[in-house]
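Asker: So that we are looking at the same thing, I have put the structure below in structure tokens.
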Amino acid sequence: MNKLVMNEHEKGIIELKLNRPLKYNAVDLDMMDELKASLNSLYKRNDIKAMVITGEGEKAFCSGGDVEAFHQLKTKDEAYHMLSKMGELLYQIMTFPIPTFAIMNGIALGGGCEIATACDFRIAKQGISLGFIQGSLAITTGWGGSTMLHEKLAYDKAMTMLLSAKRMSAEEAYSLGFIQKIVSATNARIEAYQFIHESLVDHPNVLRAYKSVKVNQWINTQLHARMMSEINRCAELWEMEDHHSAVSLFLNRKK
């Protein structure tokens, strides 16, 4: 079974669906590989207007990195290999030449919030919870999320989300400017795509031209290097005993 499903929702709008519902759509290395292949194939197309990222099922958009799969990573170098691999993909999403939308159909925790941050717009289903919870595991955002968040929100709003490592409601995230649209729980998908339609003109070249203004700014301000510096710092924290102890406690609670 593919861990990422790509389909053309309708002409010009491509949907990438994280497809590990039994694992709350947590990201592992296989999913990263499938995401990379999908992004590379889409990058070559000039006929599409938007890319959408969402999660399979009703419970989760993405619960972040697969803690069980990555628990065996102990050293800074081991962690950096994994973290930078996903960080490169989020940089690719962040600087993608067409508008990108995250439809947050369920919980979005840790790396799930980083994936959503990489998108231009975030649509959340009413009643979900989300949060940059990495701090509770004694690490920082590991895929470049903090750097990206500071590009999207005012400093105090971004720090409010990062420093506490707490979950918050979609409504709280909306008040901070992280969420652009809240859709009903009963009609979430239809309302989300209606919002996407209303956000876009029908001419891909116009959409690309507008997106390129910001992408060029991010390139000129060395967004990639800043994200990799953040990821390196997370890798340093990853190998510390505080992190390994926090992960062990988390895994034991799940048993």
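Within each chain, counting starts at residue 1; across the structure tokens, chains are named A, B, ... in the order shown, with ligands numbered 1 upward in that order.
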Residues of segment 95-161 of chain A that have any atom at most 8 Å from an atom of segment 190-210 of chain A: could you tabulate them with the shortest-distance atom pair and the distance in Å to one decimal, using only C-alpha atoms, ordered by chain and increasing number, as a tab-separated table?
Answerer:
residue	atom	partner	partner_atom	distance
A:Pro97	CA	A:Arg208	CA	5.6
A:Ile98	CA	A:Arg208	CA	5.3
A:Pro99	CA	A:Leu207	CA	7.0
A:Phe101	CA	A:Ile196	CA	7.8
A:Ile103	CA	A:Ala192	CA	6.9
A:Ile123	CA	A:Ala192	CA	6.6
Asker: Based on the selection just made, write N, CA, C and O atoms of those residues as a CSV table (one decimal), in the first residue's frame.
Answerer:
chain,number,residue,atom,x,y,z
A,97,PRO,N,6.3,26.3,-6.9
A,97,PRO,CA,5.9,27.4,-7.8
A,97,PRO,C,4.4,27.7,-7.9
A,97,PRO,O,4.1,28.7,-8.6
A,98,ILE,N,3.6,26.9,-7.3
A,98,ILE,CA,2.1,27.1,-7.4
A,98,ILE,C,1.6,27.2,-5.9
A,98,ILE,O,2.3,26.8,-5.0
A,99,PRO,N,0.4,27.8,-5.7
A,99,PRO,CA,-0.1,27.9,-4.4
A,99,PRO,C,-0.4,26.5,-3.8
A,99,PRO,O,-0.7,25.6,-4.5
A,101,PHE,N,-2.0,24.3,-0.3
A,101,PHE,CA,-3.0,24.3,0.7
A,101,PHE,C,-2.9,23.1,1.6
A,101,PHE,O,-2.7,21.9,1.1
A,103,ILE,N,-5.1,20.9,4.0
A,103,ILE,CA,-6.4,20.6,4.6
A,103,ILE,C,-6.2,19.8,5.8
A,103,ILE,O,-6.0,18.6,5.7
A,123,ILE,N,-6.2,25.2,6.1
A,123,ILE,CA,-7.6,25.0,6.3
A,123,ILE,C,-7.8,23.9,7.4
A,123,ILE,O,-7.3,22.8,7.2
Asker: Find the residues near Glu15 of chain A: any atom within 7 Å, counting only C-alpha atoms, skip ones fewer than 2 places away on the same chain, and give them as a PyMOL selection string.
Answerer: chain A and resi 6-9+13+17+51-53
Asker: Write the residues of the preceding selection, restricted to N, CA, C and O atoms, as a tab-separated table (two decimals), in the first residue's frame.
Answerer:
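Output saved as out.tsv:
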chain	number	residue	atom	x	y	z
A	6	MET	N	-1.38	10.21	-4.56
A	6	MET	CA	-1.52	11.43	-5.35
A	6	MET	C	-2.62	11.25	-6.38
A	6	MET	O	-2.69	10.23	-7.06
A	7	ASN	N	-3.52	12.22	-6.44
A	7	ASN	CA	-4.55	12.18	-7.48
A	7	ASN	C	-4.91	13.60	-7.88
A	7	ASN	O	-4.66	14.55	-7.14
A	8	GLU	N	-5.48	13.71	-9.05
A	8	GLU	CA	-5.95	15.01	-9.53
A	8	GLU	C	-7.40	15.16	-9.10
A	8	GLU	O	-8.29	14.56	-9.70
A	9	HIS	N	-7.60	15.90	-8.03
A	9	HIS	CA	-8.94	16.06	-7.46
A	9	HIS	C	-9.91	16.54	-8.53
A	9	HIS	O	-11.05	16.09	-8.62
A	13	ILE	N	-6.00	20.84	-10.01
A	13	ILE	CA	-5.78	20.80	-8.56
A	13	ILE	C	-5.34	19.38	-8.17
A	13	ILE	O	-6.10	18.42	-8.32
A	17	LYS	N	-2.20	12.86	-0.47
A	17	LYS	CA	-2.83	12.40	0.77
A	17	LYS	C	-1.87	11.50	1.54
A	17	LYS	O	-1.42	10.46	1.03
A	51	MET	N	-1.66	22.77	-5.30
A	51	MET	CA	-1.35	21.48	-4.70
A	51	MET	C	-1.93	21.47	-3.28
A	51	MET	O	-1.77	22.43	-2.52
A	52	VAL	N	-2.61	20.38	-2.96
A	52	VAL	CA	-3.26	20.22	-1.67
A	52	VAL	C	-2.62	19.06	-0.93
A	52	VAL	O	-2.38	18.00	-1.51
A	53	ILE	N	-2.34	19.24	0.34
A	53	ILE	CA	-1.85	18.15	1.19
A	53	ILE	C	-2.88	17.90	2.29
A	53	ILE	O	-3.34	18.85	2.95
Asker: Rank A:Gly177, A:Gly111, A:Gly12, A:Gly57 by their smallest atom-to-atom distance to Thr140 of chain A, using only C-alpha atoms, and report the top residue only.
Answerer: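 Result for the nearest residue to Thr140 of chain A: A:Gly111.
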Asker: When you count only C-alpha atoms, which of these residues is closest to Lys36 of chain A: A:Met82, A:Ala154, A:Leu89, A:Cys234?
Answerer: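 Using only C-alpha atoms, the shortest distance to Lys36 of chain A belongs to A:Leu89.
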Asker: How many Å lie between atom CA of Ala26 of chain A and atom CA of Thr54 of chain A, rounded to one decimal?
Answerer: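 About the pair atom CA of Ala26 of chain A and atom CA of Thr54 of chain A: they are 12.2 Å apart.
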Asker: Identify, with DSSP run on backbone atoms, the residues in segment 19-170 of chain A assigned to alpha helix (DSSP H), and express the list as number ranges by chain.
Answerer: A: 29-43, 67-70, 76-94, 111-118, 145-152, 155-163, 170
Asker: Counting only C-alpha atoms, which of A:Gln180, A:Arg167, A:Lys211, A:Ile139 gets nearest to Ser245 of chain A?
Answerer: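 Of A:Gln180, A:Arg167, A:Lys211, A:Ile139, the one nearest Ser245 of chain A, counting only C-alpha atoms, is A:Ile139.
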Asker: Smallest atom-to-atom distance to Met94 of chain A: which of A:Thr117, A:Gln222, A:Asn216, A:Ser229, using only C-alpha atoms?
Answerer: A:Thr117
Asker: Would you mind listing what lies within 7 Å of segment 63-72 of chain A as a list of chain:residue names, with only C-alpha atoms counted and same-chain residues fewer than 2 positions away left out?
Answerer: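 Answer for this query is A:Tyr24, A:Asn25, A:Ala26, A:Val27, A:Asp28, A:Ala60, A:Phe61, A:Lys74, A:Ile107, A:Ala108, A:Leu109, A:Gly110, A:Gly111, A:Gly112.
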Asker: Need to verify the contact set: Glu151 of chain A, 10 Å, only C-alpha atoms, exclusion of same-chain residues closer than 4 positions in sequence. Can you return it as a list of chain:residue names?
Answerer: A:Thr117, A:Ala118, A:Gly145, A:Ser146, A:Thr147, A:Tyr155, A:Ala158, A:Trp218, A:Leu223
Asker: Those selected residues, please, written with N, CA, C and O atoms and delivered as a PDB file, in the first residue's frame.
Answerer:
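Output (part-v9.pdb):
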ATOM      1  N   THR A 117       2.754  24.237   7.942  1.00  0.00           N
ATOM      2  CA  THR A 117       3.409  25.543   7.861  1.00  0.00           C
ATOM      3  C   THR A 117       4.060  25.756   6.509  1.00  0.00           C
ATOM      4  O   THR A 117       4.082  26.874   5.981  1.00  0.00           O
ATOM      5  N   ALA A 118       4.586  24.693   5.911  1.00  0.00           N
ATOM      6  CA  ALA A 118       5.242  24.812   4.606  1.00  0.00           C
ATOM      7  C   ALA A 118       4.266  25.208   3.514  1.00  0.00           C
ATOM      8  O   ALA A 118       4.671  25.757   2.482  1.00  0.00           O
ATOM      9  N   GLY A 145      10.598  23.823  10.753  1.00  0.00           N
ATOM     10  CA  GLY A 145       9.294  24.423  11.010  1.00  0.00           C
ATOM     11  C   GLY A 145       9.330  25.786  11.671  1.00  0.00           C
ATOM     12  O   GLY A 145       8.527  26.665  11.350  1.00  0.00           O
ATOM     13  N   SER A 146      10.248  25.969  12.613  1.00  0.00           N
ATOM     14  CA  SER A 146      10.329  27.258  13.301  1.00  0.00           C
ATOM     15  C   SER A 146      10.724  28.364  12.329  1.00  0.00           C
ATOM     16  O   SER A 146      10.137  29.453  12.328  1.00  0.00           O
ATOM     17  N   THR A 147      11.706  28.084  11.494  1.00  0.00           N
ATOM     18  CA  THR A 147      12.145  29.066  10.505  1.00  0.00           C
ATOM     19  C   THR A 147      11.002  29.427   9.561  1.00  0.00           C
ATOM     20  O   THR A 147      10.768  30.608   9.265  1.00  0.00           O
ATOM     21  N   TYR A 155       6.357  37.711  15.041  1.00  0.00           N
ATOM     22  CA  TYR A 155       7.262  37.049  15.991  1.00  0.00           C
ATOM     23  C   TYR A 155       6.537  36.554  17.236  1.00  0.00           C
ATOM     24  O   TYR A 155       6.689  35.383  17.629  1.00  0.00           O
ATOM     25  N   ALA A 158       4.228  33.566  16.475  1.00  0.00           N
ATOM     26  CA  ALA A 158       4.981  32.331  16.234  1.00  0.00           C
ATOM     27  C   ALA A 158       5.530  31.765  17.539  1.00  0.00           C
ATOM     28  O   ALA A 158       5.432  30.556  17.802  1.00  0.00           O
ATOM     29  N   TRP A 218      12.512  34.536  -0.543  1.00  0.00           N
ATOM     30  CA  TRP A 218      13.026  33.486   0.343  1.00  0.00           C
ATOM     31  C   TRP A 218      14.380  32.975  -0.122  1.00  0.00           C
ATOM     32  O   TRP A 218      15.263  32.688   0.694  1.00  0.00           O
ATOM     33  N   LEU A 223      16.641  31.196   2.875  1.00  0.00           N
ATOM     34  CA  LEU A 223      15.723  30.379   3.671  1.00  0.00           C
ATOM     35  C   LEU A 223      16.245  28.960   3.839  1.00  0.00           C
ATOM     36  O   LEU A 223      16.187  28.394   4.939  1.00  0.00           O
TER      37      LEU A 223
END
Asker: Tell me which of A:Ser169, A:Asn19, A:Asn220, A:Thr141 sits closest to Gly87 of chain A, counting only C-alpha atoms.
Answerer: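 Using only C-alpha atoms, Gly87 of chain A sits closest to A:Thr141.
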Asker: Name the closest residue to Gly144 of chain A among the candidates A:Ala50, A:Val213, A:Met86, A:Met104; distances are taken between atoms, counting only C-alpha atoms.
Answerer: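 Comparing A:Ala50, A:Val213, A:Met86, A:Met104 against Gly144 of chain A, the winner is A:Met86.
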Asker: Write out as a list in words the residues lying within 6 Å of Ala235 of chain A, counting only C-alpha atoms and excluding same-chain residues fewer than 6 positions away.
Answerer: Lys76, Ala79 and Tyr80 of chain A
Asker: What's around Ala165 of chain A at 7 Å? Count only C-alpha atoms, leave out sequence neighbours fewer than 6 positions away in its own chain, and write the answer as a PyMOL selection string.
Answerer: chain A and resi 131-136
Asker: Any chance you could export the current selection's C-alpha atoms as a JSON list (two decimals), in the first residue's frame?
Answerer:
[["chain", "number", "residue", "atom", "x", "y", "z"],
["A", 131, "GLY", "CA", 0.44, 22.05, 18.13],
["A", 132, "PHE", "CA", 4.21, 22.23, 17.88],
["A", 133, "ILE", "CA", 4.66, 19.68, 20.68],
["A", 134, "GLN", "CA", 8.33, 18.93, 19.98],
["A", 135, "GLY", "CA", 9.44, 20.80, 23.10],
["A", 136, "SER", "CA", 7.72, 18.21, 25.27]]
Asker: When you look at Asp77 of chain A with a cut-off of 12 Å (counting only C-alpha atoms), what residues show up, excluding the ones that are within fewer than 6 positions of it in the same chain? I need them as an MDAnalysis selection string.
Answerer: chainID A and resid 83:84 231:239
Asker: Just list as number ranges by chain whatever in segment 31-250 of chain A DSSP marks as strand (DSSP E or B).
Answerer: A: 50-55, 60-62, 65, 100-104, 107-109, 121-125, 129-131, 168-169, 181-183
